[in-house]
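As stored in coords13.json (JSON, C-alpha atoms and all ligand atoms):
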```
[["chain", "number", "residue", "atom", "x", "y", "z"],
["A", 1, "MET", "CA", 0.00, 0.00, 0.00],
["A", 2, "SER", "CA", 1.08, 3.55, -0.47],
["A", 3, "ILE", "CA", 0.12, 7.00, 0.68],
["A", 4, "LEU", "CA", -1.12, 9.16, -2.17],
["A", 5, "PRO", "CA", -0.69, 12.94, -2.44],
["A", 6, "ILE", "CA", -3.90, 14.83, -1.60],
["A", 7, "ILE", "CA", -4.65, 17.76, -3.90],
["A", 8, "ARG", "CA", -5.79, 21.05, -2.44],
["A", 9, "LEU", "CA", -8.37, 23.68, -3.26],
["A", 10, "GLY", "CA", -7.35, 25.43, -6.46],
["A", 11, "HIS", "CA", -6.60, 22.18, -8.28],
["A", 12, "PRO", "CA", -9.23, 22.00, -11.06],
["A", 13, "THR", "CA", -10.03, 18.31, -10.40],
["A", 14, "LEU", "CA", -11.58, 19.30, -7.06],
["A", 15, "ARG", "CA", -14.09, 21.38, -9.01],
["A", 16, "SER", "CA", -14.86, 18.84, -11.72],
["A", 17, "THR", "CA", -17.60, 16.22, -11.90],
["A", 18, "ALA", "CA", -16.33, 12.67, -11.41],
["A", 19, "ASP", "CA", -17.05, 9.90, -13.91],
["A", 20, "ALA", "CA", -18.93, 6.71, -13.02],
["A", 21, "VAL", "CA", -16.77, 3.61, -12.59],
["A", 22, "ASP", "CA", -17.35, 0.72, -15.01],
["A", 23, "PRO", "CA", -18.53, -2.06, -12.66],
["A", 24, "GLU", "CA", -16.44, -4.54, -14.66],
["A", 25, "ARG", "CA", -13.31, -2.74, -13.48],
["A", 26, "ILE", "CA", -14.04, -2.90, -9.75],
["A", 27, "GLU", "CA", -12.36, -6.24, -9.15],
["A", 28, "THR", "CA", -9.23, -5.43, -11.16],
["A", 29, "PRO", "CA", -5.98, -5.32, -9.17],
["A", 30, "GLU", "CA", -5.61, -1.68, -10.22],
["A", 31, "LEU", "CA", -8.80, -0.58, -8.46],
["A", 32, "GLN", "CA", -8.39, -2.97, -5.51],
["A", 33, "THR", "CA", -4.98, -1.43, -4.87],
["A", 34, "LEU", "CA", -6.48, 2.03, -5.25],
["A", 35, "PHE", "CA", -9.08, 1.30, -2.52],
["A", 36, "ASP", "CA", -6.36, 0.14, -0.13],
["A", 37, "ASP", "CA", -4.21, 3.16, -0.96],
["A", 38, "MET", "CA", -7.14, 5.50, -0.38],
["A", 39, "PHE", "CA", -7.71, 3.99, 3.06],
["A", 40, "GLU", "CA", -4.03, 4.23, 3.92],
["A", 41, "THR", "CA", -3.96, 7.86, 2.75],
["A", 42, "MET", "CA", -7.09, 8.67, 4.77],
["A", 43, "PHE", "CA", -5.78, 7.06, 7.98],
["A", 44, "ASP", "CA", -2.37, 8.71, 7.52],
["A", 45, "ALA", "CA", -4.04, 12.13, 7.20],
["A", 46, "ALA", "CA", -6.27, 11.44, 10.23],
["A", 47, "GLY", "CA", -9.37, 11.88, 8.11],
["A", 48, "VAL", "CA", -12.66, 10.02, 8.32],
["A", 49, "GLY", "CA", -13.33, 10.11, 4.58],
["A", 50, "LEU", "CA", -11.52, 10.55, 1.28],
["A", 51, "ALA", "CA", -12.93, 10.90, -2.23],
["A", 52, "ALA", "CA", -11.04, 9.90, -5.38],
["A", 53, "PRO", "CA", -11.05, 13.47, -6.79],
["A", 54, "GLN", "CA", -8.99, 14.47, -3.72],
["A", 55, "ILE", "CA", -6.15, 12.34, -5.01],
["A", 56, "GLY", "CA", -6.61, 13.80, -8.47],
["A", 57, "LEU", "CA", -8.70, 10.95, -9.84],
["A", 58, "PRO", "CA", -12.07, 12.10, -11.21],
["A", 59, "LEU", "CA", -13.92, 8.85, -10.46],
["A", 60, "GLN", "CA", -17.09, 8.28, -8.41],
["A", 61, "ILE", "CA", -15.37, 6.54, -5.52],
["A", 62, "PHE", "CA", -15.02, 7.46, -1.88],
["A", 63, "VAL", "CA", -13.90, 5.67, 1.25],
["A", 64, "TYR", "CA", -14.84, 6.49, 4.82],
["A", 65, "GLY", "CA", -14.74, 5.08, 8.29],
["A", 66, "LEU", "CA", -13.87, 5.91, 11.85],
["A", 67, "ALA", "CA", -11.28, 3.35, 12.84],
["A", 68, "LYS", "CA", -7.65, 2.98, 13.87],
["A", 69, "GLY", "CA", -6.97, 1.19, 10.60],
["A", 70, "LEU", "CA", -8.45, -1.39, 8.23],
["A", 71, "ASP", "CA", -7.75, -4.13, 10.77],
["A", 72, "ASP", "CA", -9.31, -2.29, 13.76],
["A", 73, "PRO", "CA", -11.41, -5.01, 15.48],
["A", 74, "GLU", "CA", -13.82, -2.46, 16.98],
["A", 75, "PRO", "CA", -14.22, 0.46, 14.58],
["A", 76, "SER", "CA", -16.65, 3.23, 15.58],
["A", 77, "ILE", "CA", -17.72, 3.31, 11.94],
["A", 78, "PRO", "CA", -16.52, 0.35, 9.84],
["A", 79, "PRO", "CA", -14.43, 1.23, 6.78],
["A", 80, "HIS", "CA", -16.54, 1.41, 3.62],
["A", 81, "VAL", "CA", -15.74, 1.73, -0.08],
["A", 82, "VAL", "CA", -18.58, 3.49, -1.93],
["A", 83, "ILE", "CA", -18.68, 3.45, -5.75],
["A", 84, "ASN", "CA", -21.13, 5.20, -8.12],
["A", 85, "PRO", "CA", -23.36, 6.35, -5.25],
["A", 86, "ILE", "CA", -26.88, 7.74, -5.36],
["A", 87, "LEU", "CA", -27.89, 9.64, -2.21],
["A", 88, "THR", "CA", -31.48, 10.19, -1.16],
["A", 89, "PRO", "CA", -31.89, 12.43, 1.87],
["A", 90, "ALA", "CA", -34.59, 11.50, 4.36],
["A", 91, "HIS", "CA", -37.04, 14.14, 5.48],
["A", 92, "GLY", "CA", -35.93, 16.15, 8.45],
["A", 93, "ASP", "CA", -34.45, 19.49, 9.36],
["A", 94, "LEU", "CA", -30.86, 20.14, 8.40],
["A", 95, "VAL", "CA", -28.41, 19.80, 11.27],
["A", 96, "SER", "CA", -25.36, 22.02, 11.70],
["A", 97, "GLY", "CA", -22.03, 20.38, 12.51],
["A", 98, "TRP", "CA", -18.32, 21.11, 12.27],
["A", 99, "GLU", "CA", -16.44, 19.92, 9.20],
["A", 100, "GLY", "CA", -12.99, 20.17, 7.79],
["A", 101, "CYS", "CA", -11.50, 18.91, 4.55],
["A", 102, "LEU", "CA", -8.17, 17.25, 3.77],
["A", 103, "SER", "CA", -8.09, 19.40, 0.62],
["A", 104, "ILE", "CA", -8.61, 22.62, 2.63],
["A", 105, "PRO", "CA", -6.11, 21.92, 5.41],
["A", 106, "ASP", "CA", -6.41, 23.25, 8.95],
["A", 107, "MET", "CA", -9.79, 24.93, 8.58],
["A", 108, "ARG", "CA", -13.14, 24.23, 10.23],
["A", 109, "GLY", "CA", -16.62, 25.47, 9.53],
["A", 110, "LEU", "CA", -20.24, 24.83, 10.48],
["A", 111, "VAL", "CA", -22.09, 23.01, 7.71],
["A", 112, "PRO", "CA", -25.79, 22.11, 7.53],
["A", 113, "ARG", "CA", -26.46, 18.51, 6.47],
["A", 114, "TYR", "CA", -29.37, 16.11, 6.31],
["A", 115, "PRO", "CA", -29.59, 13.99, 9.47],
["A", 116, "GLN", "CA", -30.27, 10.83, 7.49],
["A", 117, "VAL", "CA", -29.48, 9.67, 3.95],
["A", 118, "ARG", "CA", -30.17, 6.53, 1.96],
["A", 119, "VAL", "CA", -27.09, 5.32, 0.09],
["A", 120, "GLN", "CA", -27.32, 3.16, -3.02],
["A", 121, "ALA", "CA", -23.97, 2.24, -4.50],
["A", 122, "LEU", "CA", -21.54, -0.58, -5.23],
["A", 123, "ASP", "CA", -18.96, -1.82, -2.73],
["A", 124, "ARG", "CA", -15.37, -2.94, -3.35],
["A", 125, "ASP", "CA", -16.57, -6.36, -4.50],
["A", 126, "GLY", "CA", -19.00, -4.82, -6.97],
["A", 127, "LYS", "CA", -21.94, -5.85, -4.77],
["A", 128, "ARG", "CA", -24.93, -3.58, -4.32],
["A", 129, "LEU", "CA", -25.05, -1.42, -1.23],
["A", 130, "ASP", "CA", -28.37, -0.05, -0.03],
["A", 131, "PHE", "CA", -28.48, 1.34, 3.48],
["A", 132, "VAL", "CA", -29.58, 4.31, 5.53],
["A", 133, "ALA", "CA", -26.93, 6.28, 7.42],
["A", 134, "GLU", "CA", -27.62, 8.72, 10.23],
["A", 135, "GLY", "CA", -25.96, 11.51, 12.14],
["A", 136, "TYR", "CA", -22.19, 11.69, 11.97],
["A", 137, "GLU", "CA", -21.93, 8.91, 9.38],
["A", 138, "ALA", "CA", -24.56, 10.65, 7.21],
["A", 139, "ARG", "CA", -22.53, 13.87, 7.48],
["A", 140, "ILE", "CA", -19.32, 12.18, 6.32],
["A", 141, "ILE", "CA", -21.15, 10.55, 3.41],
["A", 142, "GLN", "CA", -22.68, 13.86, 2.27],
["A", 143, "HIS", "CA", -19.26, 15.57, 2.50],
["A", 144, "GLU", "CA", -17.58, 12.86, 0.40],
["A", 145, "PHE", "CA", -20.46, 12.65, -2.07],
["A", 146, "ASP", "CA", -20.13, 16.39, -2.67],
["A", 147, "HIS", "CA", -16.48, 15.86, -3.71],
["A", 148, "LEU", "CA", -17.75, 13.70, -6.60],
["A", 149, "ASN", "CA", -19.65, 16.73, -7.87],
["A", 150, "GLY", "CA", -16.92, 19.32, -7.45],
["A", 151, "VAL", "CA", -18.48, 20.70, -4.28],
["A", 152, "VAL", "CA", -16.55, 21.45, -1.07],
["A", 153, "PHE", "CA", -17.88, 22.18, 2.43],
["A", 154, "LEU", "CA", -17.28, 25.91, 2.04],
["A", 155, "ASP", "CA", -19.96, 25.93, -0.66],
["A", 156, "ARG", "CA", -22.46, 24.44, 1.80],
["A", 157, "MET", "CA", -21.81, 26.86, 4.66],
["A", 158, "ARG", "CA", -24.65, 29.25, 5.33],
["A", 159, "ASP", "CA", -22.56, 31.71, 7.29],
["A", 160, "LEU", "CA", -18.85, 32.04, 6.61],
["A", 161, "ARG", "CA", -18.35, 33.71, 9.99],
["A", 162, "SER", "CA", -18.01, 30.29, 11.61],
["A", 163, "LEU", "CA", -14.98, 29.55, 9.41],
["A", 164, "CYS", "CA", -11.83, 29.27, 11.49],
["A", 165, "PHE", "CA", -8.40, 27.72, 11.66],
["A", 166, "GLU", "CA", -8.10, 24.42, 13.50],
["A", 167, "GLU", "CA", -5.80, 25.83, 16.20],
["A", 168, "GLU", "CA", -8.15, 28.72, 16.94],
["A", 169, "TRP", "CA", -11.08, 26.29, 16.85],
["A", 170, "GLU", "CA", -9.37, 24.22, 19.53],
["A", 171, "GLU", "CA", -8.63, 27.32, 21.60],
["A", 172, "PHE", "CA", -11.90, 29.23, 21.33],
["A", 173, "VAL", "CA", -14.63, 26.94, 20.07],
["A", 174, "ALA", "CA", -14.00, 23.37, 21.23],
["A", 175, "GLU", "CA", -14.79, 23.95, 24.88],
["A", 176, "THR", "CA", -18.07, 25.69, 24.08],
["A", 177, "GLU", "CA", -19.18, 22.78, 21.92],
["A", 178, "THR", "CA", -21.85, 20.65, 23.52],
["A", 179, "SER", "CA", -21.91, 18.07, 20.75],
["A", 180, "ASP", "CA", -20.05, 14.83, 21.38],
["A", 181, "GLU", "CA", -19.42, 14.39, 17.69],
["A", 182, "VAL", "CA", -15.88, 14.79, 16.54],
["A", 183, "THR", "CA", -15.32, 17.14, 13.66],
["A", 184, "ALA", "CA", -15.86, 15.42, 10.33],
["A", 185, "VAL", "CA", -12.71, 15.81, 8.27],
["A", 186, "GLY", "CA", -12.81, 14.21, 4.86],
["B", 1, "NI", "NI", -13.27, 17.02, 1.94]]
```
Reformat the file's structure so that it appears as structure tokens.
Amino acid sequence: MSILPIIRLGHPTLRSTADAVDPERIETPELQTLFDDMFETMFDAAGVGLAAPQIGLPLQIFVYGLAKGLDDPEPSIPPHVVINPILTPAHGDLVSGWEGCLSIPDMRGLVPRYPQVRVQALDRDGKRLDFVAEGYEARIIQHEFDHLNGVVFLDRMRDLRSLCFEEEWEEFVAETETSDEVTAVG
């Protein structure tokens, strides 16, 4: 496995629309290695999600999970590979939560997201995924899904005044936060 370079805001691929993956290609060694490399890159960067456009690859693939690594026996959120996803938000008021992005390093902002989304996609074996995610997991999924459409969390913020640097967030915001959720960085 290898750690891949993460591109940052300003790189045109982050603003492009990703192409669907040919399901026939999912089981090729090339893509299987890519999934492993994406996980390794995500864990190395201490993120909870990573989309293929963030490593300069305009394909509809993202990985996510809250775990110490792929072999974590008790992950908070098991590692997932999500390919060619369709998201359907459930009804409900948008919920504000803190997000950051590996492609916009060291910044945090409050982003409104749906509390629940249905995910239809393919997994790393090319099998159909169809599940409903809630809360923090739903937030990560919406953040990563946006990357497949050239959208970053800044575009979703309703009020840019909550935007801050991570260090200042830790100093001035963290202790006033009542939410137990960790910041979603992906
Ligand atoms: Ni991101």
Pick out the residues sitting within 8 Å of stretch 123-134 of chain A, and hand them over as a list in words; count only C-alpha atoms, and ignore anything fewer than 5 positions along from it in its own chain. Pro23, Ile26, Glu27, Gln32, Phe35, His80, Val81, Val82, Ile83, Pro115, Gln116, Val117, Arg118 and Arg139 of chain A
Write out as JSON lines the residues of chain A that have any atom within 9 Å of an atom of ligand NI 1 (chain B), one row each with the nearest atom pair and its distance in Å to one decimal, counting only C-alpha atoms and all ligand atoms, sorted by chain and then rising number.
```
{"residue": "A:Gly47", "atom": "CA", "partner": "B:NI1", "partner_atom": "NI", "distance": 8.9}
{"residue": "A:Gly49", "atom": "CA", "partner": "B:NI1", "partner_atom": "NI", "distance": 7.4}
{"residue": "A:Leu50", "atom": "CA", "partner": "B:NI1", "partner_atom": "NI", "distance": 6.7}
{"residue": "A:Ala51", "atom": "CA", "partner": "B:NI1", "partner_atom": "NI", "distance": 7.4}
{"residue": "A:Gln54", "atom": "CA", "partner": "B:NI1", "partner_atom": "NI", "distance": 7.5}
{"residue": "A:Glu99", "atom": "CA", "partner": "B:NI1", "partner_atom": "NI", "distance": 8.4}
{"residue": "A:Gly100", "atom": "CA", "partner": "B:NI1", "partner_atom": "NI", "distance": 6.7}
{"residue": "A:Cys101", "atom": "CA", "partner": "B:NI1", "partner_atom": "NI", "distance": 3.7}
{"residue": "A:Leu102", "atom": "CA", "partner": "B:NI1", "partner_atom": "NI", "distance": 5.4}
{"residue": "A:Ser103", "atom": "CA", "partner": "B:NI1", "partner_atom": "NI", "distance": 5.9}
{"residue": "A:Ile104", "atom": "CA", "partner": "B:NI1", "partner_atom": "NI", "distance": 7.3}
{"residue": "A:Ile140", "atom": "CA", "partner": "B:NI1", "partner_atom": "NI", "distance": 8.9}
{"residue": "A:His143", "atom": "CA", "partner": "B:NI1", "partner_atom": "NI", "distance": 6.2}
{"residue": "A:Glu144", "atom": "CA", "partner": "B:NI1", "partner_atom": "NI", "distance": 6.2}
{"residue": "A:Asp146", "atom": "CA", "partner": "B:NI1", "partner_atom": "NI", "distance": 8.3}
{"residue": "A:His147", "atom": "CA", "partner": "B:NI1", "partner_atom": "NI", "distance": 6.6}
{"residue": "A:Val151", "atom": "CA", "partner": "B:NI1", "partner_atom": "NI", "distance": 8.9}
{"residue": "A:Val152", "atom": "CA", "partner": "B:NI1", "partner_atom": "NI", "distance": 6.3}
{"residue": "A:Phe153", "atom": "CA", "partner": "B:NI1", "partner_atom": "NI", "distance": 6.9}
{"residue": "A:Ala184", "atom": "CA", "partner": "B:NI1", "partner_atom": "NI", "distance": 8.9}
{"residue": "A:Val185", "atom": "CA", "partner": "B:NI1", "partner_atom": "NI", "distance": 6.5}
{"residue": "A:Gly186", "atom": "CA", "partner": "B:NI1", "partner_atom": "NI", "distance": 4.1}
```
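The residue set within 9 Å of stretch 166-173 of chain A, counting all atoms listed in the file and dropping same-chain residues fewer than 5 places from it, reads Gly100, Pro105, Asp106, Met107 and Arg108 of chain A.
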Compute the distance from (-5.5, 4.8, 5.5) to each atom, counting only C-alpha atoms, keep the residues with any atom at most 12 Å away, and return them as a VMD selection string; use the coordinates of the file. chain A and resid 1 to 4 34 to 50 63 to 72 79 to 80 186
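Note that atom CA of A:Gly109 and atom CA of A:Cys164 are 6.4 Å apart.
Separating atom CA of A:Asp159 from atom CA of A:Pro112 is a distance of 10.1 Å.
Interatomic distance, atom CA of A:His91 to atom CA of A:Tyr114: 8.0 Å.
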Spatial neighbours of A:Gln60, max dist 9 Å, all atoms listed in the file, sep filter under 3 positions, as a PDB file with C-alpha atoms, in the coordinates of the input:
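The new file result_5.pdb reads:
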```
ATOM      1  CA  THR A  17     -17.600  16.220 -11.900  1.00  0.00           C
ATOM      2  CA  ALA A  18     -16.330  12.670 -11.410  1.00  0.00           C
ATOM      3  CA  ASP A  19     -17.050   9.900 -13.910  1.00  0.00           C
ATOM      4  CA  ALA A  20     -18.930   6.710 -13.020  1.00  0.00           C
ATOM      5  CA  VAL A  21     -16.770   3.610 -12.590  1.00  0.00           C
ATOM      6  CA  ALA A  51     -12.930  10.900  -2.230  1.00  0.00           C
ATOM      7  CA  ALA A  52     -11.040   9.900  -5.380  1.00  0.00           C
ATOM      8  CA  PRO A  53     -11.050  13.470  -6.790  1.00  0.00           C
ATOM      9  CA  LEU A  57      -8.700  10.950  -9.840  1.00  0.00           C
ATOM     10  CA  VAL A  82     -18.580   3.490  -1.930  1.00  0.00           C
ATOM     11  CA  ILE A  83     -18.680   3.450  -5.750  1.00  0.00           C
ATOM     12  CA  ASN A  84     -21.130   5.200  -8.120  1.00  0.00           C
ATOM     13  CA  PRO A  85     -23.360   6.350  -5.250  1.00  0.00           C
ATOM     14  CA  PHE A 145     -20.460  12.650  -2.070  1.00  0.00           C
ATOM     15  CA  HIS A 147     -16.480  15.860  -3.710  1.00  0.00           C
ATOM     16  CA  LEU A 148     -17.750  13.700  -6.600  1.00  0.00           C
ATOM     17  CA  ASN A 149     -19.650  16.730  -7.870  1.00  0.00           C
TER      18      ASN A 149
END
```
So which residues touch A:Val111 within 6 Å, counting all atoms listed in the file, skipping near sequence neighbours fewer than 2 positions away, as number ranges by chain? A: 96-97, 157
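Counting only C-alpha atoms, the residue from A:Ala138, A:Leu14, A:Leu110, A:Val119 that sits nearest to A:Glu177 is A:Leu110.
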What would stretch 142-158 of chain A look like with N, CA, C and O atoms restored, written as a PDB file, in the coordinates of the input?
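Result written to part-v9.pdb:
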```
ATOM      1  N   GLN A 142     -22.274  12.691   3.075  1.00  0.00           N
ATOM      2  CA  GLN A 142     -22.680  13.860   2.270  1.00  0.00           C
ATOM      3  C   GLN A 142     -21.459  14.699   1.879  1.00  0.00           C
ATOM      4  O   GLN A 142     -21.391  15.225   0.768  1.00  0.00           O
ATOM      5  N   HIS A 143     -20.487  14.813   2.788  1.00  0.00           N
ATOM      6  CA  HIS A 143     -19.260  15.570   2.500  1.00  0.00           C
ATOM      7  C   HIS A 143     -18.501  14.902   1.344  1.00  0.00           C
ATOM      8  O   HIS A 143     -18.084  15.577   0.390  1.00  0.00           O
ATOM      9  N   GLU A 144     -18.348  13.580   1.430  1.00  0.00           N
ATOM     10  CA  GLU A 144     -17.580  12.860   0.400  1.00  0.00           C
ATOM     11  C   GLU A 144     -18.335  12.836  -0.933  1.00  0.00           C
ATOM     12  O   GLU A 144     -17.734  12.984  -1.999  1.00  0.00           O
ATOM     13  N   PHE A 145     -19.649  12.654  -0.857  1.00  0.00           N
ATOM     14  CA  PHE A 145     -20.460  12.650  -2.070  1.00  0.00           C
ATOM     15  C   PHE A 145     -20.316  13.983  -2.810  1.00  0.00           C
ATOM     16  O   PHE A 145     -20.206  14.020  -4.038  1.00  0.00           O
ATOM     17  N   ASP A 146     -20.303  15.068  -2.056  1.00  0.00           N
ATOM     18  CA  ASP A 146     -20.130  16.390  -2.670  1.00  0.00           C
ATOM     19  C   ASP A 146     -18.835  16.465  -3.478  1.00  0.00           C
ATOM     20  O   ASP A 146     -18.792  17.110  -4.529  1.00  0.00           O
ATOM     21  N   HIS A 147     -17.765  15.824  -2.979  1.00  0.00           N
ATOM     22  CA  HIS A 147     -16.480  15.860  -3.710  1.00  0.00           C
ATOM     23  C   HIS A 147     -16.623  15.252  -5.103  1.00  0.00           C
ATOM     24  O   HIS A 147     -15.868  15.600  -6.013  1.00  0.00           O
ATOM     25  N   LEU A 148     -17.575  14.328  -5.278  1.00  0.00           N
ATOM     26  CA  LEU A 148     -17.750  13.700  -6.600  1.00  0.00           C
ATOM     27  C   LEU A 148     -18.426  14.654  -7.569  1.00  0.00           C
ATOM     28  O   LEU A 148     -18.480  14.400  -8.768  1.00  0.00           O
ATOM     29  N   ASN A 149     -18.963  15.736  -7.031  1.00  0.00           N
ATOM     30  CA  ASN A 149     -19.650  16.730  -7.870  1.00  0.00           C
ATOM     31  C   ASN A 149     -18.950  18.081  -7.849  1.00  0.00           C
ATOM     32  O   ASN A 149     -19.554  19.101  -8.173  1.00  0.00           O
ATOM     33  N   GLY A 150     -17.694  18.077  -7.443  1.00  0.00           N
ATOM     34  CA  GLY A 150     -16.920  19.320  -7.450  1.00  0.00           C
ATOM     35  C   GLY A 150     -17.333  20.319  -6.388  1.00  0.00           C
ATOM     36  O   GLY A 150     -17.068  21.519  -6.513  1.00  0.00           O
ATOM     37  N   VAL A 151     -17.997  19.823  -5.341  1.00  0.00           N
ATOM     38  CA  VAL A 151     -18.480  20.700  -4.280  1.00  0.00           C
ATOM     39  C   VAL A 151     -17.656  20.479  -3.017  1.00  0.00           C
ATOM     40  O   VAL A 151     -17.351  19.338  -2.659  1.00  0.00           O
ATOM     41  N   VAL A 152     -17.273  21.565  -2.338  1.00  0.00           N
ATOM     42  CA  VAL A 152     -16.550  21.450  -1.070  1.00  0.00           C
ATOM     43  C   VAL A 152     -17.394  22.061   0.051  1.00  0.00           C
ATOM     44  O   VAL A 152     -18.359  22.785  -0.211  1.00  0.00           O
ATOM     45  N   PHE A 153     -17.004  21.776   1.307  1.00  0.00           N
ATOM     46  CA  PHE A 153     -17.880  22.180   2.430  1.00  0.00           C
ATOM     47  C   PHE A 153     -18.098  23.682   2.508  1.00  0.00           C
ATOM     48  O   PHE A 153     -19.136  24.139   2.979  1.00  0.00           O
ATOM     49  N   LEU A 154     -17.120  24.453   2.020  1.00  0.00           N
ATOM     50  CA  LEU A 154     -17.280  25.910   2.040  1.00  0.00           C
ATOM     51  C   LEU A 154     -18.524  26.330   1.264  1.00  0.00           C
ATOM     52  O   LEU A 154     -19.233  27.267   1.639  1.00  0.00           O
ATOM     53  N   ASP A 155     -18.803  25.604   0.174  1.00  0.00           N
ATOM     54  CA  ASP A 155     -19.960  25.930  -0.660  1.00  0.00           C
ATOM     55  C   ASP A 155     -21.275  25.685   0.070  1.00  0.00           C
ATOM     56  O   ASP A 155     -22.304  26.264  -0.284  1.00  0.00           O
ATOM     57  N   ARG A 156     -21.241  24.816   1.069  1.00  0.00           N
ATOM     58  CA  ARG A 156     -22.460  24.440   1.800  1.00  0.00           C
ATOM     59  C   ARG A 156     -22.678  25.285   3.049  1.00  0.00           C
ATOM     60  O   ARG A 156     -23.735  25.202   3.669  1.00  0.00           O
ATOM     61  N   MET A 157     -21.672  26.057   3.448  1.00  0.00           N
ATOM     62  CA  MET A 157     -21.810  26.860   4.660  1.00  0.00           C
ATOM     63  C   MET A 157     -22.827  27.962   4.442  1.00  0.00           C
ATOM     64  O   MET A 157     -22.861  28.583   3.380  1.00  0.00           O
ATOM     65  N   ARG A 158     -23.646  28.197   5.454  1.00  0.00           N
ATOM     66  CA  ARG A 158     -24.650  29.250   5.330  1.00  0.00           C
ATOM     67  C   ARG A 158     -24.106  30.575   5.823  1.00  0.00           C
ATOM     68  O   ARG A 158     -24.618  31.624   5.481  1.00  0.00           O
TER      69      ARG A 158
END
```
